[in-house]
Amino acid sequence: MSEKIATAPGLIERAGIEIIPESERTAKPRDLFWPWFAANVSVFGMSYGSWVLGFGISFWQATLVSIIGIVASFFLCGLIAIAGKRGSAPTMVLSRAAFGVHGQKAPGIVSWLTSIGWETFLAIMAVLATATVITQLGGDGDSVALRVAATVIVAALIVAASVLGYHAIMKMQSVLTWLTGAVTILYVILTVPHIDFAAVLALPNGSLGQVIGALVMVMTGFGLGWINIAADWSRYQKRTASDGAIVAWNTIGGALAPIVLVIFGTLLAGSDATLFDQVSADPIGALATLLPVWVLVPFLLTAVLALVSGAVLGIYSSGLTLISLGIRIPRPSAAAIDGVILTLGTIWVVFFAEDFLGPFQSFLITLGVPLASWAGILIADILRRKKVYDEDALFDPRGRYGAWDWTSIITMVAASVIGWGLVVNNFAAEAEWNNWQGYLLFLIGGREGDWAYANLGVFFALVLSLLVTWFARAAKIRRQEA
């Protein structure tokens, strides 16, 4: 039988990976705007302006890359969010229809590692931003006591919100949207005088390979970074909700703020070579150096809350993924476990690691390949299906979805192996452990050519997996829905 719950309204959400009952499916498509907008309206998005220009492209190329990459990646999230409406279960449970009840554990592990990595990264950014702003205010930003306190506070906020669950998070995000949005607008107003349009427009054009490399980085850093949790936030939608509305609100909520922020970030980074370099080490702290002292405190508070907002979405979903892997614990406990891992990771980076941005981005590209393959498989599966999911079969390896779907599993493995061969670790000095990739780059000019840094393997894994699944599993999906 399917796992269903009959939840009573309360402070802590008790729903785990179970099917949400009809009585609890009261959300509307427009409600999806709030969690996605709040998690992506952070000034941290401006940091991507420096990283995009770092590929050696012009401002106009960076603008085009930002618009296309952000909108397209969140549109893909919207497609996967359709499954949440049809099945009223977390993303990784719904993915069992494509991979099998047991086969889903393979992409589930990749998803869990990706979520843990992202939420830890956002927590680290919040702690480093706190230290930098305190220094600008005249305090000792390098104080061990300060950094310990910042780590504890940030981790506590993230874990507390994720333990409370869906309803608390939705309310929190609707409030944070207005708060972070207002301060972000203030930041833009105060920093406009720092823009040197002549310097920005003088940036030379990059090659097609450099443009595609920037595009992959933007897509991976925004929508593709969230794609493994997209259905988690649509599982409370009514089954009668419009698929088109769900895709639209998911895309608008996720893409609206980042487009503006990244483009503005390119204007700032293209105007100031010092800022361009500082963003690599401490993105938000570097952006704070442009502000007058009187606005630093509200800037710090909202920047930290925005990062916490993004991390909350990640840790909530990583807890659900952990349960979907077969670990039988309550959802709040799963969120707490991931919170401990997040805290330990943050402590390690803040107090012991010499560099973290390079290894993290290398780690992100590495996991981005199999995650893109999984996304292609699931998107094709969703678009092929015409009916709601068989709730019982999602939890029964003897049901219509089976225990293992070898077509999907082999597709993901093959696409990942080829995809890893077409990406390169851009941070070899800081992430030597990840230098094994790029073994197929000789096909497109080798490791030293422009195409080496285009990270085509991410696109290849996504498109190949989608096409193979669309054709190879069509008959099986029809039989499952018969």
# chains A, B, ... in the order shown; residues from 1 in each chain; ligands from 1
>>> residues_around(residues="Thr411 in chain A", least_positions_apart="3", cutoff="9 Å", atoms="only C-alpha atoms", output="PDB file with N, CA, C and O atoms, in the first residue's frame")
ATOM      1  N   SER A 373      22.152  14.151 -16.044  1.00  0.00           N
ATOM      2  CA  SER A 373      21.649  12.928 -16.681  1.00  0.00           C
ATOM      3  C   SER A 373      20.353  12.476 -16.024  1.00  0.00           C
ATOM      4  O   SER A 373      19.374  12.152 -16.703  1.00  0.00           O
ATOM      5  N   TRP A 374      20.333  12.452 -14.689  1.00  0.00           N
ATOM      6  CA  TRP A 374      19.115  12.089 -13.958  1.00  0.00           C
ATOM      7  C   TRP A 374      17.960  13.010 -14.338  1.00  0.00           C
ATOM      8  O   TRP A 374      16.821  12.556 -14.557  1.00  0.00           O
ATOM      9  N   ILE A 377      16.523  12.157 -17.731  1.00  0.00           N
ATOM     10  CA  ILE A 377      15.708  10.938 -17.660  1.00  0.00           C
ATOM     11  C   ILE A 377      14.344  11.225 -17.038  1.00  0.00           C
ATOM     12  O   ILE A 377      13.303  10.817 -17.564  1.00  0.00           O
ATOM     13  N   TRP A 406      16.555  -0.953 -15.505  1.00  0.00           N
ATOM     14  CA  TRP A 406      17.928  -0.999 -15.998  1.00  0.00           C
ATOM     15  C   TRP A 406      18.153  -0.074 -17.184  1.00  0.00           C
ATOM     16  O   TRP A 406      19.290   0.390 -17.402  1.00  0.00           O
ATOM     17  N   THR A 407      17.112   0.243 -17.926  1.00  0.00           N
ATOM     18  CA  THR A 407      17.285   1.190 -19.030  1.00  0.00           C
ATOM     19  C   THR A 407      17.714   2.548 -18.487  1.00  0.00           C
ATOM     20  O   THR A 407      18.666   3.169 -18.981  1.00  0.00           O
ATOM     21  N   SER A 408      17.019   3.015 -17.460  1.00  0.00           N
ATOM     22  CA  SER A 408      17.354   4.321 -16.869  1.00  0.00           C
ATOM     23  C   SER A 408      18.711   4.281 -16.179  1.00  0.00           C
ATOM     24  O   SER A 408      19.514   5.224 -16.302  1.00  0.00           O
ATOM     25  N   ALA A 414      26.088   5.528 -18.421  1.00  0.00           N
ATOM     26  CA  ALA A 414      26.775   5.778 -19.688  1.00  0.00           C
ATOM     27  C   ALA A 414      26.900   7.278 -19.968  1.00  0.00           C
ATOM     28  O   ALA A 414      27.967   7.764 -20.376  1.00  0.00           O
ATOM     29  N   ALA A 415      25.808   8.025 -19.769  1.00  0.00           N
ATOM     30  CA  ALA A 415      25.840   9.469 -20.011  1.00  0.00           C
ATOM     31  C   ALA A 415      26.819  10.160 -19.069  1.00  0.00           C
ATOM     32  O   ALA A 415      27.503  11.117 -19.464  1.00  0.00           O
ATOM     33  N   SER A 416      26.928   9.683 -17.829  1.00  0.00           N
ATOM     34  CA  SER A 416      27.853  10.273 -16.861  1.00  0.00           C
ATOM     35  C   SER A 416      29.295  10.006 -17.250  1.00  0.00           C
ATOM     36  O   SER A 416      30.159  10.894 -17.167  1.00  0.00           O
ATOM     37  N   LEU A 464      21.431  13.805 -23.948  1.00  0.00           N
ATOM     38  CA  LEU A 464      21.499  12.397 -24.326  1.00  0.00           C
ATOM     39  C   LEU A 464      20.532  11.565 -23.494  1.00  0.00           C
ATOM     40  O   LEU A 464      19.788  10.725 -24.026  1.00  0.00           O
ATOM     41  N   SER A 465      20.498  11.798 -22.197  1.00  0.00           N
ATOM     42  CA  SER A 465      19.625  11.028 -21.311  1.00  0.00           C
ATOM     43  C   SER A 465      18.158  11.280 -21.623  1.00  0.00           C
ATOM     44  O   SER A 465      17.336  10.359 -21.601  1.00  0.00           O
ATOM     45  N   VAL A 468      17.384   9.442 -25.066  1.00  0.00           N
ATOM     46  CA  VAL A 468      17.361   7.986 -24.925  1.00  0.00           C
ATOM     47  C   VAL A 468      16.104   7.556 -24.177  1.00  0.00           C
ATOM     48  O   VAL A 468      15.411   6.609 -24.580  1.00  0.00           O
ATOM     49  N   THR A 469      15.799   8.254 -23.093  1.00  0.00           N
ATOM     50  CA  THR A 469      14.621   7.901 -22.300  1.00  0.00           C
ATOM     51  C   THR A 469      13.333   8.119 -23.087  1.00  0.00           C
ATOM     52  O   THR A 469      12.403   7.312 -23.025  1.00  0.00           O
TER      53      THR A 469
END
>>> residues_around(residues="range 204-209 of chain A", least_positions_apart="3", cutoff="7 Å", atoms="only C-alpha atoms", output="PyMOL selection string")
chain A and resi 56-58+212-213+450-451+454
>>> write_last_selection(atoms="C-alpha atoms", output="JSON list (two decimals), in the first residue's frame")
[["chain", "number", "residue", "atom", "x", "y", "z"],
["A", 56, "GLY", "CA", 36.84, 36.00, -20.61],
["A", 57, "ILE", "CA", 33.61, 37.16, -22.24],
["A", 58, "SER", "CA", 32.16, 40.63, -22.82],
["A", 212, "ILE", "CA", 29.14, 28.07, -23.50],
["A", 213, "GLY", "CA", 31.39, 27.49, -20.49],
["A", 450, "ASP", "CA", 38.66, 27.06, -25.41],
["A", 451, "TRP", "CA", 36.22, 24.16, -25.66],
["A", 454, "ALA", "CA", 32.94, 24.81, -21.92]]
>>> select_by_dssp(residues="range 121-366 of chain A", states="alpha helix (DSSP H)", output="PDB file with C-alpha atoms, in the first residue's frame")
ATOM      1  CA  PHE A 121      28.383  26.291   0.906  1.00  0.00           C
ATOM      2  CA  LEU A 122      25.613  28.796   1.686  1.00  0.00           C
ATOM      3  CA  ALA A 123      26.255  28.475   5.433  1.00  0.00           C
ATOM      4  CA  ILE A 124      29.969  29.110   4.860  1.00  0.00           C
ATOM      5  CA  MET A 125      29.162  32.211   2.802  1.00  0.00           C
ATOM      6  CA  ALA A 126      27.000  33.530   5.648  1.00  0.00           C
ATOM      7  CA  VAL A 127      29.762  33.054   8.241  1.00  0.00           C
ATOM      8  CA  LEU A 128      32.480  34.632   6.069  1.00  0.00           C
ATOM      9  CA  ALA A 129      30.212  37.581   5.231  1.00  0.00           C
ATOM     10  CA  THR A 130      29.613  38.154   8.936  1.00  0.00           C
ATOM     11  CA  ALA A 131      33.344  38.224   9.659  1.00  0.00           C
ATOM     12  CA  THR A 132      34.071  40.649   6.807  1.00  0.00           C
ATOM     13  CA  VAL A 133      31.309  43.098   7.716  1.00  0.00           C
ATOM     14  CA  ILE A 134      32.284  43.061  11.395  1.00  0.00           C
ATOM     15  CA  THR A 135      35.825  43.980  10.334  1.00  0.00           C
ATOM     16  CA  GLN A 136      34.484  46.910   8.292  1.00  0.00           C
ATOM     17  CA  VAL A 144      37.718  32.797  16.755  1.00  0.00           C
ATOM     18  CA  ALA A 145      34.897  33.592  19.195  1.00  0.00           C
ATOM     19  CA  LEU A 146      33.100  35.684  16.557  1.00  0.00           C
ATOM     20  CA  ARG A 147      33.366  32.999  13.906  1.00  0.00           C
ATOM     21  CA  VAL A 148      32.237  30.294  16.309  1.00  0.00           C
ATOM     22  CA  ALA A 149      29.222  32.398  17.303  1.00  0.00           C
ATOM     23  CA  ALA A 150      28.388  33.146  13.658  1.00  0.00           C
ATOM     24  CA  THR A 151      28.652  29.451  12.757  1.00  0.00           C
ATOM     25  CA  VAL A 152      26.401  28.396  15.628  1.00  0.00           C
ATOM     26  CA  ILE A 153      23.765  31.045  14.884  1.00  0.00           C
ATOM     27  CA  VAL A 154      23.673  30.358  11.134  1.00  0.00           C
ATOM     28  CA  ALA A 155      23.528  26.587  11.607  1.00  0.00           C
ATOM     29  CA  ALA A 156      20.836  26.901  14.285  1.00  0.00           C
ATOM     30  CA  LEU A 157      18.622  29.059  12.040  1.00  0.00           C
ATOM     31  CA  ILE A 158      18.950  26.656   9.114  1.00  0.00           C
ATOM     32  CA  VAL A 159      18.320  23.511  11.152  1.00  0.00           C
ATOM     33  CA  ALA A 160      15.434  25.009  13.146  1.00  0.00           C
ATOM     34  CA  ALA A 161      13.528  26.109  10.047  1.00  0.00           C
ATOM     35  CA  SER A 162      14.115  22.812   8.229  1.00  0.00           C
ATOM     36  CA  VAL A 163      12.978  20.789  11.242  1.00  0.00           C
ATOM     37  CA  LEU A 164       9.751  22.826  11.459  1.00  0.00           C
ATOM     38  CA  TYR A 166       7.056  22.898   4.801  1.00  0.00           C
ATOM     39  CA  HIS A 167       4.400  25.193   6.283  1.00  0.00           C
ATOM     40  CA  ALA A 168       6.840  27.124   8.488  1.00  0.00           C
ATOM     41  CA  ILE A 169       9.290  27.471   5.611  1.00  0.00           C
ATOM     42  CA  MET A 170       6.618  28.784   3.249  1.00  0.00           C
ATOM     43  CA  LYS A 171       5.605  31.444   5.781  1.00  0.00           C
ATOM     44  CA  MET A 172       9.228  32.346   6.466  1.00  0.00           C
ATOM     45  CA  GLN A 173      10.013  32.673   2.754  1.00  0.00           C
ATOM     46  CA  SER A 174       7.068  34.975   2.109  1.00  0.00           C
ATOM     47  CA  VAL A 175       8.395  37.360   4.798  1.00  0.00           C
ATOM     48  CA  LEU A 176      12.047  37.115   3.752  1.00  0.00           C
ATOM     49  CA  THR A 177      11.116  37.880   0.158  1.00  0.00           C
ATOM     50  CA  TRP A 178      10.066  41.422   1.055  1.00  0.00           C
ATOM     51  CA  LEU A 179      12.906  42.006   3.514  1.00  0.00           C
ATOM     52  CA  THR A 180      15.757  40.780   1.330  1.00  0.00           C
ATOM     53  CA  GLY A 181      14.195  42.310  -1.771  1.00  0.00           C
ATOM     54  CA  ALA A 182      14.038  45.763  -0.164  1.00  0.00           C
ATOM     55  CA  VAL A 183      17.652  45.725   1.051  1.00  0.00           C
ATOM     56  CA  THR A 184      18.862  44.363  -2.286  1.00  0.00           C
ATOM     57  CA  ILE A 185      17.181  47.274  -4.067  1.00  0.00           C
ATOM     58  CA  LEU A 186      18.858  49.652  -1.579  1.00  0.00           C
ATOM     59  CA  TYR A 187      22.221  48.018  -2.322  1.00  0.00           C
ATOM     60  CA  VAL A 188      21.733  48.541  -6.055  1.00  0.00           C
ATOM     61  CA  ILE A 189      20.853  52.224  -5.535  1.00  0.00           C
ATOM     62  CA  LEU A 190      23.902  52.840  -3.325  1.00  0.00           C
ATOM     63  CA  THR A 191      26.388  51.086  -5.585  1.00  0.00           C
ATOM     64  CA  PHE A 197      30.218  51.952 -18.148  1.00  0.00           C
ATOM     65  CA  ALA A 198      33.202  52.736 -20.374  1.00  0.00           C
ATOM     66  CA  ALA A 199      35.290  50.030 -18.703  1.00  0.00           C
ATOM     67  CA  VAL A 200      32.424  47.538 -18.798  1.00  0.00           C
ATOM     68  CA  LEU A 201      31.648  48.079 -22.476  1.00  0.00           C
ATOM     69  CA  LEU A 208      31.974  30.437 -28.483  1.00  0.00           C
ATOM     70  CA  GLY A 209      33.604  27.887 -26.177  1.00  0.00           C
ATOM     71  CA  GLN A 210      34.060  30.509 -23.452  1.00  0.00           C
ATOM     72  CA  VAL A 211      30.435  31.627 -23.820  1.00  0.00           C
ATOM     73  CA  ILE A 212      29.137  28.069 -23.497  1.00  0.00           C
ATOM     74  CA  GLY A 213      31.393  27.487 -20.495  1.00  0.00           C
ATOM     75  CA  ALA A 214      29.857  30.512 -18.774  1.00  0.00           C
ATOM     76  CA  LEU A 215      26.381  29.302 -19.751  1.00  0.00           C
ATOM     77  CA  VAL A 216      26.969  25.872 -18.185  1.00  0.00           C
ATOM     78  CA  MET A 217      28.304  27.497 -15.016  1.00  0.00           C
ATOM     79  CA  VAL A 218      25.210  29.720 -14.732  1.00  0.00           C
ATOM     80  CA  MET A 219      22.799  26.845 -15.340  1.00  0.00           C
ATOM     81  CA  THR A 220      24.604  24.614 -12.843  1.00  0.00           C
ATOM     82  CA  GLY A 221      24.806  27.354 -10.235  1.00  0.00           C
ATOM     83  CA  GLY A 223      18.323  26.035 -11.708  1.00  0.00           C
ATOM     84  CA  LEU A 224      20.311  22.814 -12.113  1.00  0.00           C
ATOM     85  CA  GLY A 225      21.582  23.286  -8.577  1.00  0.00           C
ATOM     86  CA  TRP A 226      17.966  23.086  -7.330  1.00  0.00           C
ATOM     87  CA  ASP A 243       0.880  22.037 -15.334  1.00  0.00           C
ATOM     88  CA  GLY A 244       1.623  25.224 -17.241  1.00  0.00           C
ATOM     89  CA  ALA A 245       0.955  27.396 -14.198  1.00  0.00           C
ATOM     90  CA  ILE A 246       3.263  25.285 -12.040  1.00  0.00           C
ATOM     91  CA  VAL A 247       6.081  25.551 -14.590  1.00  0.00           C
ATOM     92  CA  ALA A 248       5.489  29.297 -15.006  1.00  0.00           C
ATOM     93  CA  TRP A 249       5.447  30.217 -11.317  1.00  0.00           C
ATOM     94  CA  ASN A 250       8.454  28.006 -10.608  1.00  0.00           C
ATOM     95  CA  THR A 251      10.391  29.683 -13.433  1.00  0.00           C
ATOM     96  CA  ILE A 252       9.323  33.235 -12.580  1.00  0.00           C
ATOM     97  CA  GLY A 253      10.013  32.810  -8.872  1.00  0.00           C
ATOM     98  CA  GLY A 254      13.429  31.286  -9.423  1.00  0.00           C
ATOM     99  CA  ALA A 255      14.664  33.391 -12.349  1.00  0.00           C
ATOM    100  CA  LEU A 256      13.308  36.909 -11.761  1.00  0.00           C
ATOM    101  CA  ALA A 257      15.774  38.092  -9.111  1.00  0.00           C
ATOM    102  CA  PRO A 258      18.932  36.284 -10.337  1.00  0.00           C
ATOM    103  CA  ILE A 259      18.683  37.789 -13.832  1.00  0.00           C
ATOM    104  CA  VAL A 260      18.773  41.314 -12.409  1.00  0.00           C
ATOM    105  CA  LEU A 261      21.392  40.487  -9.781  1.00  0.00           C
ATOM    106  CA  VAL A 262      23.848  38.703 -12.080  1.00  0.00           C
ATOM    107  CA  ILE A 263      23.675  41.415 -14.743  1.00  0.00           C
ATOM    108  CA  PHE A 264      24.212  44.107 -12.106  1.00  0.00           C
ATOM    109  CA  GLY A 265      27.069  42.026 -10.707  1.00  0.00           C
ATOM    110  CA  THR A 266      28.762  42.001 -14.112  1.00  0.00           C
ATOM    111  CA  LEU A 267      28.500  45.794 -14.212  1.00  0.00           C
ATOM    112  CA  LEU A 268      30.224  46.079 -10.826  1.00  0.00           C
ATOM    113  CA  ALA A 269      32.893  43.452 -11.531  1.00  0.00           C
ATOM    114  CA  GLY A 270      33.622  44.850 -14.986  1.00  0.00           C
ATOM    115  CA  SER A 271      34.118  48.300 -13.429  1.00  0.00           C
ATOM    116  CA  ALA A 273      39.350  44.838 -11.049  1.00  0.00           C
ATOM    117  CA  THR A 274      39.929  44.706  -7.279  1.00  0.00           C
ATOM    118  CA  LEU A 275      36.328  43.727  -6.592  1.00  0.00           C
ATOM    119  CA  PHE A 276      36.546  41.166  -9.401  1.00  0.00           C
ATOM    120  CA  ASP A 277      39.446  39.455  -7.595  1.00  0.00           C
ATOM    121  CA  GLN A 278      38.012  39.740  -4.065  1.00  0.00           C
ATOM    122  CA  PRO A 283      31.698  37.012  -2.404  1.00  0.00           C
ATOM    123  CA  ILE A 284      29.320  38.823  -0.058  1.00  0.00           C
ATOM    124  CA  GLY A 285      32.066  40.384   2.040  1.00  0.00           C
ATOM    125  CA  ALA A 286      33.624  41.807  -1.124  1.00  0.00           C
ATOM    126  CA  LEU A 287      30.314  43.299  -2.230  1.00  0.00           C
ATOM    127  CA  ALA A 288      29.908  44.884   1.221  1.00  0.00           C
ATOM    128  CA  LEU A 296      26.387  47.533   6.722  1.00  0.00           C
ATOM    129  CA  VAL A 297      24.338  46.094   9.590  1.00  0.00           C
ATOM    130  CA  PRO A 298      21.022  45.777   7.678  1.00  0.00           C
ATOM    131  CA  PHE A 299      23.006  44.547   4.678  1.00  0.00           C
ATOM    132  CA  LEU A 300      24.663  41.857   6.781  1.00  0.00           C
ATOM    133  CA  LEU A 301      21.422  40.733   8.414  1.00  0.00           C
ATOM    134  CA  THR A 302      19.507  40.416   5.162  1.00  0.00           C
ATOM    135  CA  ALA A 303      22.425  38.843   3.292  1.00  0.00           C
ATOM    136  CA  VAL A 304      22.778  36.192   5.989  1.00  0.00           C
ATOM    137  CA  LEU A 305      19.019  35.593   6.118  1.00  0.00           C
ATOM    138  CA  ALA A 306      18.896  35.212   2.330  1.00  0.00           C
ATOM    139  CA  LEU A 307      21.680  32.630   2.442  1.00  0.00           C
ATOM    140  CA  VAL A 308      19.921  30.867   5.302  1.00  0.00           C
ATOM    141  CA  SER A 309      16.745  30.897   3.226  1.00  0.00           C
ATOM    142  CA  GLY A 310      18.473  29.060   0.394  1.00  0.00           C
ATOM    143  CA  ALA A 311      20.154  26.598   2.748  1.00  0.00           C
ATOM    144  CA  VAL A 312      16.821  25.819   4.430  1.00  0.00           C
ATOM    145  CA  LEU A 313      15.348  24.637   1.120  1.00  0.00           C
ATOM    146  CA  GLY A 314      18.372  22.420   0.606  1.00  0.00           C
ATOM    147  CA  ILE A 315      18.488  20.846   4.040  1.00  0.00           C
ATOM    148  CA  TYR A 316      14.725  20.251   4.131  1.00  0.00           C
ATOM    149  CA  SER A 317      14.952  18.334   0.870  1.00  0.00           C
ATOM    150  CA  SER A 318      18.203  16.546   1.702  1.00  0.00           C
ATOM    151  CA  GLY A 319      16.420  15.169   4.770  1.00  0.00           C
ATOM    152  CA  LEU A 320      13.636  13.826   2.559  1.00  0.00           C
ATOM    153  CA  THR A 321      16.211  12.301   0.225  1.00  0.00           C
ATOM    154  CA  LEU A 322      17.943  10.628   3.154  1.00  0.00           C
ATOM    155  CA  ILE A 323      14.673   8.947   4.147  1.00  0.00           C
ATOM    156  CA  SER A 324      14.008   7.901   0.542  1.00  0.00           C
ATOM    157  CA  ARG A 331      11.626  13.744   8.771  1.00  0.00           C
ATOM    158  CA  PRO A 332      12.633  16.204  11.541  1.00  0.00           C
ATOM    159  CA  SER A 333      15.350  13.775  12.653  1.00  0.00           C
ATOM    160  CA  ALA A 334      16.655  13.466   9.091  1.00  0.00           C
ATOM    161  CA  ALA A 335      16.833  17.258   8.815  1.00  0.00           C
ATOM    162  CA  ALA A 336      18.686  17.394  12.132  1.00  0.00           C
ATOM    163  CA  ILE A 337      21.235  14.809  10.958  1.00  0.00           C
ATOM    164  CA  ASP A 338      21.933  16.808   7.823  1.00  0.00           C
ATOM    165  CA  GLY A 339      22.185  19.892  10.021  1.00  0.00           C
ATOM    166  CA  VAL A 340      24.993  18.279  12.016  1.00  0.00           C
ATOM    167  CA  ILE A 341      26.841  17.469   8.788  1.00  0.00           C
ATOM    168  CA  LEU A 342      26.344  21.046   7.585  1.00  0.00           C
ATOM    169  CA  THR A 343      27.714  22.428  10.856  1.00  0.00           C
ATOM    170  CA  LEU A 344      30.796  20.202  10.791  1.00  0.00           C
ATOM    171  CA  GLY A 345      31.469  21.101   7.153  1.00  0.00           C
ATOM    172  CA  THR A 346      31.145  24.805   7.907  1.00  0.00           C
ATOM    173  CA  ILE A 347      33.504  24.558  10.888  1.00  0.00           C
ATOM    174  CA  TRP A 348      36.087  22.701   8.812  1.00  0.00           C
ATOM    175  CA  VAL A 349      36.110  25.288   6.015  1.00  0.00           C
ATOM    176  CA  VAL A 350      35.921  28.392   8.213  1.00  0.00           C
ATOM    177  CA  PHE A 351      38.647  27.321  10.641  1.00  0.00           C
ATOM    178  CA  LEU A 357      35.646  27.920  -3.499  1.00  0.00           C
ATOM    179  CA  GLY A 358      37.774  26.122  -6.077  1.00  0.00           C
ATOM    180  CA  PRO A 359      37.200  22.619  -4.684  1.00  0.00           C
ATOM    181  CA  PHE A 360      33.500  23.350  -4.251  1.00  0.00           C
ATOM    182  CA  GLN A 361      33.039  24.467  -7.848  1.00  0.00           C
ATOM    183  CA  SER A 362      35.010  21.444  -9.021  1.00  0.00           C
ATOM    184  CA  PHE A 363      32.803  19.235  -6.845  1.00  0.00           C
ATOM    185  CA  LEU A 364      29.724  20.951  -8.280  1.00  0.00           C
ATOM    186  CA  ILE A 365      30.701  20.253 -11.890  1.00  0.00           C
ATOM    187  CA  THR A 366      31.525  16.629 -11.037  1.00  0.00           C
TER     188      THR A 366
END
